[in-house]
Structures are given as structure tokens and as C-alpha cells.
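> What follows is a single structure, and I will ask about it in a moment.
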Amino acid sequence: MSGRTYRSAAIAAEIAVPLAILAAWQVWTVNANDPLFPRLSTILVQFREMWLFSQFELHVVPSLTRIGAGFAVAVVLGILLGVPLGLSRWGRLLAMPHVEWWRAMPPPALLPISVALLHSIGNRQKISFIAFFCLFPILLNTIDGVRGIDPTFIETARSYGVRRLERIGRIVLPAALPQIFAGMRTSLSLAVIMMVLTEYFSSTSGVGYVLLISKNTFQLAPMWAAIVLIGVLGYVLNLLLILLERRVLSWHRGWRAAEAQ
């Protein structure tokens, strides 16, 4: 099978499997007639009415803003902290116990405490929560990526008088970028989860807020439409990050292909 044929088959399978699942959902709900599981056609109509028109600016835009801001803060902090920790053994020895302790903390355990202490969670707090829990995959992948660099490269650059910041910009960061992007993909899915969680606990706007109100008022079609929207947002954001990764790391794929030959 040629490479082009394989890619075409992969794309066809990626499209066909979700369509088959959706068709099965429609057939099952029509036959089951269960009010807890509305028909797919009903959910899609509700999805179009809510998210493509009336409530997009009111609820989707704030959610996307929180995801984008929190994820961006996590990326910047993860790289800024991960590079020096990856280069410093003593820094890792001092920092890793704290990193592992906070990384193991489940987000739902901290949110109720924050609501009780602050009486509410404003937009800044929501972004901070998203950034905090998205930080760790990027941080740990950055540390591992920096530690995996052949020390000979860094020592050679040092022997030629290349300054520290220039070594980081020209050697350390490019070599660690593949693992940094792997951490970013994990963090992006966490950003969507944290967005829903923070809006679900304390908010007056956003997809998570709509999900909560729909559940509490037993509006099942809007609730399922919100769940579909969350999945669509996660899929589209991940696709955009993959496209960015392919563009930024095009040199890396070419290098690996040349190395395989």
C-alpha cells in the first residue's frame, strides 16, 4: 500500500467511524424512545439553535477565552521553569518533590475550597486554575526533553564561546520542542476539562454553566448539545495544535526521515 493510499484510508476511517457511531445513536434512540437519551436529530437541532447562533457570543466565546489564556500561561511558565530545571540537577532535586505533590492534587479537591474562601471564582481565578493544572505536563515534558539532549552539543557550544542564552535558544529549545509539544497536547485536553469544571462550580457564563443549568432544570436536549459542543471544541483545538506542531517541527520530521535512510 502506497503512502498516499494509506493516508486516504486513514482519513476515510477517521470520518467513517464517528459517522457510524452517530447513525447507531440515532437508530437506538428512535427505537428506545427514552426521554433521558434524546434523538440525535433533536440534539443537533438544539446544537444549531444554541451554539451556532443565539448563545455563541454569550457562552462559547468566554469559554474559549479562558481556555486560550490559561493554556498560554501554562505554556510560557512550563518552558520558562522547565528549561533551567532540566539543565540543573540541584534545581530538580529541590523542585521535583513540590512538583509531584501539586501534580497529584485532583482539581475538584481545590475548587470547593477556593469557592468557600473566595465566595466565588472570577474570570481571573478560572484562568489561573486552568493554567495551574495545565502547567505540569508541559513542565515535566520540557524537563525530560532538556535532560535528553546530548551533553556533547552543549559542551561544544560552550567551548566555542556561545553564550548561555544563545545556547538555550539555538540548541536546548529546538532539541526539546518535540517533547514540549507532546506535553502541550496533553495540557490542551486538560484545559478543556478545567474550563468545564470551573464554569460548572461557579460561573454565570460559559459552556460549563449551560451544562449545569440544563442538568438542574432537566432540559436534556440542551444538556446533550453542550456535551457535543465540548467534544467538538476539544477535537478542533487539538487539530489546530497538531497543524501548528507539524509546521513548527517540519525540520524534525525531515531530520528523522534522513536519519532513517
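Residues in the C-alpha cells are named by chain (A, B, ... in the order shown) and by number from 1 within that chain; ligands are numbered from 1 in the order shown.
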If we count only C-alpha atoms and set the cut-off at 9 Å, which residues sit around Arg66 (chain A), ignoring sequence neighbours fewer than 3 positions away in its own chain? Please answer as a CSV table (one decimal) with all heavy atoms, in the first residue's frame.

chain,number,residue,atom,x,y,z
A,61,VAL,N,-17.7,32.1,23.5
A,61,VAL,CA,-16.5,33.0,23.5
A,61,VAL,C,-15.8,33.1,24.8
A,61,VAL,O,-14.6,33.0,24.9
A,61,VAL,CB,-17.0,34.4,22.9
A,61,VAL,CG1,-15.8,35.4,23.1
A,61,VAL,CG2,-17.4,34.3,21.5
A,62,PRO,N,-16.6,33.3,25.9
A,62,PRO,CA,-15.9,33.3,27.2
A,62,PRO,C,-15.1,32.0,27.5
A,62,PRO,O,-14.0,32.0,28.1
A,62,PRO,CB,-17.0,33.5,28.2
A,62,PRO,CG,-18.1,34.2,27.5
A,62,PRO,CD,-18.0,33.6,26.1
A,63,SER,N,-15.7,30.9,27.2
A,63,SER,CA,-15.1,29.6,27.4
A,63,SER,C,-13.8,29.5,26.6
A,63,SER,O,-12.7,29.0,27.1
A,63,SER,CB,-16.0,28.4,27.1
A,63,SER,OG,-17.1,28.4,28.0
A,69,ALA,N,-6.3,31.7,27.3
A,69,ALA,CA,-5.5,32.4,28.2
A,69,ALA,C,-4.8,31.5,29.2
A,69,ALA,O,-3.6,31.6,29.5
A,69,ALA,CB,-6.3,33.4,29.0
A,70,GLY,N,-5.5,30.5,29.8
A,70,GLY,CA,-4.9,29.6,30.7
A,70,GLY,C,-3.9,28.7,30.1
A,70,GLY,O,-2.8,28.4,30.6
A,71,PHE,N,-4.2,28.2,28.9
A,71,PHE,CA,-3.2,27.4,28.2
A,71,PHE,C,-2.0,28.1,27.8
A,71,PHE,O,-0.8,27.6,27.9
A,71,PHE,CB,-3.9,26.8,26.9
A,71,PHE,CG,-3.0,25.9,26.1
A,71,PHE,CD1,-2.6,24.6,26.6
A,71,PHE,CD2,-2.5,26.3,24.9
A,71,PHE,CE1,-1.8,23.8,25.8
A,71,PHE,CE2,-1.7,25.5,24.1
A,71,PHE,CZ,-1.4,24.2,24.6
A,123,ASN,N,-13.2,35.5,36.7
A,123,ASN,CA,-12.6,35.1,35.4
A,123,ASN,C,-11.1,34.9,35.6
A,123,ASN,O,-10.5,33.9,35.1
A,123,ASN,CB,-12.9,36.1,34.4
A,123,ASN,CG,-12.8,35.6,33.0
A,123,ASN,OD1,-13.4,34.6,32.7
A,123,ASN,ND2,-12.0,36.2,32.1
A,124,ARG,N,-10.5,35.7,36.4
A,124,ARG,CA,-9.0,35.6,36.6
A,124,ARG,C,-8.7,34.3,37.4
A,124,ARG,O,-7.7,33.6,37.0
A,124,ARG,CB,-8.5,36.8,37.4
A,124,ARG,CG,-7.0,36.8,37.6
A,124,ARG,CD,-6.5,38.1,38.3
A,124,ARG,NE,-6.9,39.3,37.6
A,124,ARG,CZ,-6.6,40.5,38.0
A,124,ARG,NH1,-6.1,40.7,39.2
A,124,ARG,NH2,-7.0,41.5,37.3
A,126,LYS,N,-10.5,31.6,37.3
A,126,LYS,CA,-10.7,30.5,36.4
A,126,LYS,C,-9.5,30.2,35.5
A,126,LYS,O,-9.1,29.1,35.3
A,126,LYS,CB,-12.0,30.7,35.5
A,126,LYS,CG,-13.3,30.7,36.3
A,126,LYS,CD,-14.5,30.9,35.3
A,126,LYS,CE,-15.8,30.9,36.0
A,126,LYS,NZ,-16.0,32.0,37.0
A,127,ILE,N,-9.0,31.3,34.9
A,127,ILE,CA,-7.8,31.2,34.1
A,127,ILE,C,-6.6,30.7,34.9
A,127,ILE,O,-5.9,29.9,34.4
A,127,ILE,CB,-7.5,32.6,33.4
A,127,ILE,CG1,-8.6,33.0,32.5
A,127,ILE,CG2,-6.2,32.6,32.7
A,127,ILE,CD1,-8.5,34.4,31.9
A,130,ILE,N,-7.0,26.9,35.3
A,130,ILE,CA,-6.7,26.2,34.0
A,130,ILE,C,-5.2,26.2,33.8
A,130,ILE,O,-4.6,25.2,33.5
A,130,ILE,CB,-7.4,26.9,32.9
A,130,ILE,CG1,-8.9,26.7,33.0
A,130,ILE,CG2,-6.9,26.4,31.5
A,130,ILE,CD1,-9.7,27.6,32.0
A,191,ALA,N,-7.0,21.6,29.6
A,191,ALA,CA,-7.6,23.0,29.6
A,191,ALA,C,-9.1,22.9,29.4
A,191,ALA,O,-9.9,23.7,30.0
A,191,ALA,CB,-6.9,23.8,28.6
A,195,MET,N,-11.8,24.1,32.1
A,195,MET,CA,-12.8,25.1,31.7
A,195,MET,C,-14.2,24.7,32.1
A,195,MET,O,-14.9,25.4,32.8
A,195,MET,CB,-12.7,25.4,30.2
A,195,MET,CG,-13.8,26.3,29.7
A,195,MET,SD,-15.4,25.5,29.2
A,195,MET,CE,-14.9,24.5,27.8
> Using only C-alpha atoms, tabulate the residues of region 132-156 of chain A lying at most 7 Å from any atom of region 162-179 of chain A, each with its closest atom pair and that distance in Å to one decimal, by chain and increasing residue number, as JSON lines.

{"residue": "A:Asn141", "atom": "CA", "partner": "A:Gln179", "partner_atom": "CA", "distance": 5.5}
{"residue": "A:Thr142", "atom": "CA", "partner": "A:Ala176", "partner_atom": "CA", "distance": 6.4}
{"residue": "A:Gly145", "atom": "CA", "partner": "A:Ala176", "partner_atom": "CA", "distance": 4.3}
{"residue": "A:Val146", "atom": "CA", "partner": "A:Ala176", "partner_atom": "CA", "distance": 5.4}
{"residue": "A:Ile149", "atom": "CA", "partner": "A:Ala175", "partner_atom": "CA", "distance": 6.7}
> If you run DSSP over the backbone, which residues in region 53-194 of chain A end up alpha helix (DSSP H)? Put them as number ranges by chain.
A: 61-87, 89-103, 107-118, 123-147, 151-159, 164-167, 173-194
> Find the distance between CA of Phe181 (chain A) and CA of Ala157 (chain A) and write it in Å to one decimal.
24.9 Å
> Could you tell me how far CA of Leu188 (chain A) sits from CA of Ile67 (chain A), in Å to one decimal place?
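One can read the CA of Ile67 (chain A) to CA of Leu188 (chain A) distance as 8.2 Å.
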> Quick one: residues within 12 Å of Ile43 (chain A), only C-alpha atoms counted, chain neighbours fewer than 2 positions away excluded, as JSON, numbers by chain?
{"A": [22, 25, 26, 29, 36, 37, 38, 39, 40, 41, 45, 46, 47, 48, 49, 50, 51, 219, 220, 221, 222, 223, 224, 225, 226, 227, 228, 229]}
> Pick out the residues sitting within 6 Å of region 203-205 of chain A, and hand them over as a PDB file with all heavy atoms, in the first residue's frame; count only C-alpha atoms, and ignore anything fewer than 4 positions along from it in its own chain.

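Output file out_6.pdb is given in full below:
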ATOM      1  N   HIS A  59     -21.723  32.478  25.590  1.00  0.00           N
ATOM      2  CA  HIS A  59     -21.173  31.370  26.353  1.00  0.00           C
ATOM      3  C   HIS A  59     -19.923  30.737  25.729  1.00  0.00           C
ATOM      4  O   HIS A  59     -19.000  30.371  26.457  1.00  0.00           O
ATOM      5  CB  HIS A  59     -22.242  30.293  26.546  1.00  0.00           C
ATOM      6  CG  HIS A  59     -23.382  30.719  27.413  1.00  0.00           C
ATOM      7  ND1 HIS A  59     -23.219  31.066  28.733  1.00  0.00           N
ATOM      8  CD2 HIS A  59     -24.711  30.872  27.143  1.00  0.00           C
ATOM      9  CE1 HIS A  59     -24.391  31.400  29.255  1.00  0.00           C
ATOM     10  NE2 HIS A  59     -25.316  31.300  28.302  1.00  0.00           N
ATOM     11  N   GLU A 199     -16.340  26.458  35.317  1.00  0.00           N
ATOM     12  CA  GLU A 199     -17.619  27.079  34.989  1.00  0.00           C
ATOM     13  C   GLU A 199     -18.776  26.325  35.627  1.00  0.00           C
ATOM     14  O   GLU A 199     -19.818  26.924  35.926  1.00  0.00           O
ATOM     15  CB  GLU A 199     -17.793  27.144  33.472  1.00  0.00           C
ATOM     16  CG  GLU A 199     -16.815  28.086  32.790  1.00  0.00           C
ATOM     17  CD  GLU A 199     -16.910  28.055  31.274  1.00  0.00           C
ATOM     18  OE1 GLU A 199     -17.630  27.186  30.743  1.00  0.00           O
ATOM     19  OE2 GLU A 199     -16.257  28.883  30.624  1.00  0.00           O
ATOM     20  N   TYR A 209     -21.348  26.336  32.529  1.00  0.00           N
ATOM     21  CA  TYR A 209     -22.519  26.924  33.195  1.00  0.00           C
ATOM     22  C   TYR A 209     -23.812  26.458  32.529  1.00  0.00           C
ATOM     23  O   TYR A 209     -24.786  26.107  33.204  1.00  0.00           O
ATOM     24  CB  TYR A 209     -22.401  28.445  33.156  1.00  0.00           C
ATOM     25  CG  TYR A 209     -23.650  29.171  33.579  1.00  0.00           C
ATOM     26  CD1 TYR A 209     -24.017  29.244  34.918  1.00  0.00           C
ATOM     27  CD2 TYR A 209     -24.453  29.805  32.634  1.00  0.00           C
ATOM     28  CE1 TYR A 209     -25.165  29.915  35.309  1.00  0.00           C
ATOM     29  CE2 TYR A 209     -25.607  30.478  33.021  1.00  0.00           C
ATOM     30  CZ  TYR A 209     -25.955  30.529  34.354  1.00  0.00           C
ATOM     31  OH  TYR A 209     -27.092  31.188  34.741  1.00  0.00           O
TER      32      TYR A 209
END
> CA of Trp102 (chain A) and CA of Gly122 (chain A), how far apart in Å?
22.1 Å
> Between A:Ala95, A:Leu240, A:Val196, A:Ala72, single out the one closest to Ile138 (chain A), counting only C-alpha atoms.
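When distances to Ile138 (chain A) are compared using only C-alpha atoms, the smallest one comes from A:Ala72.
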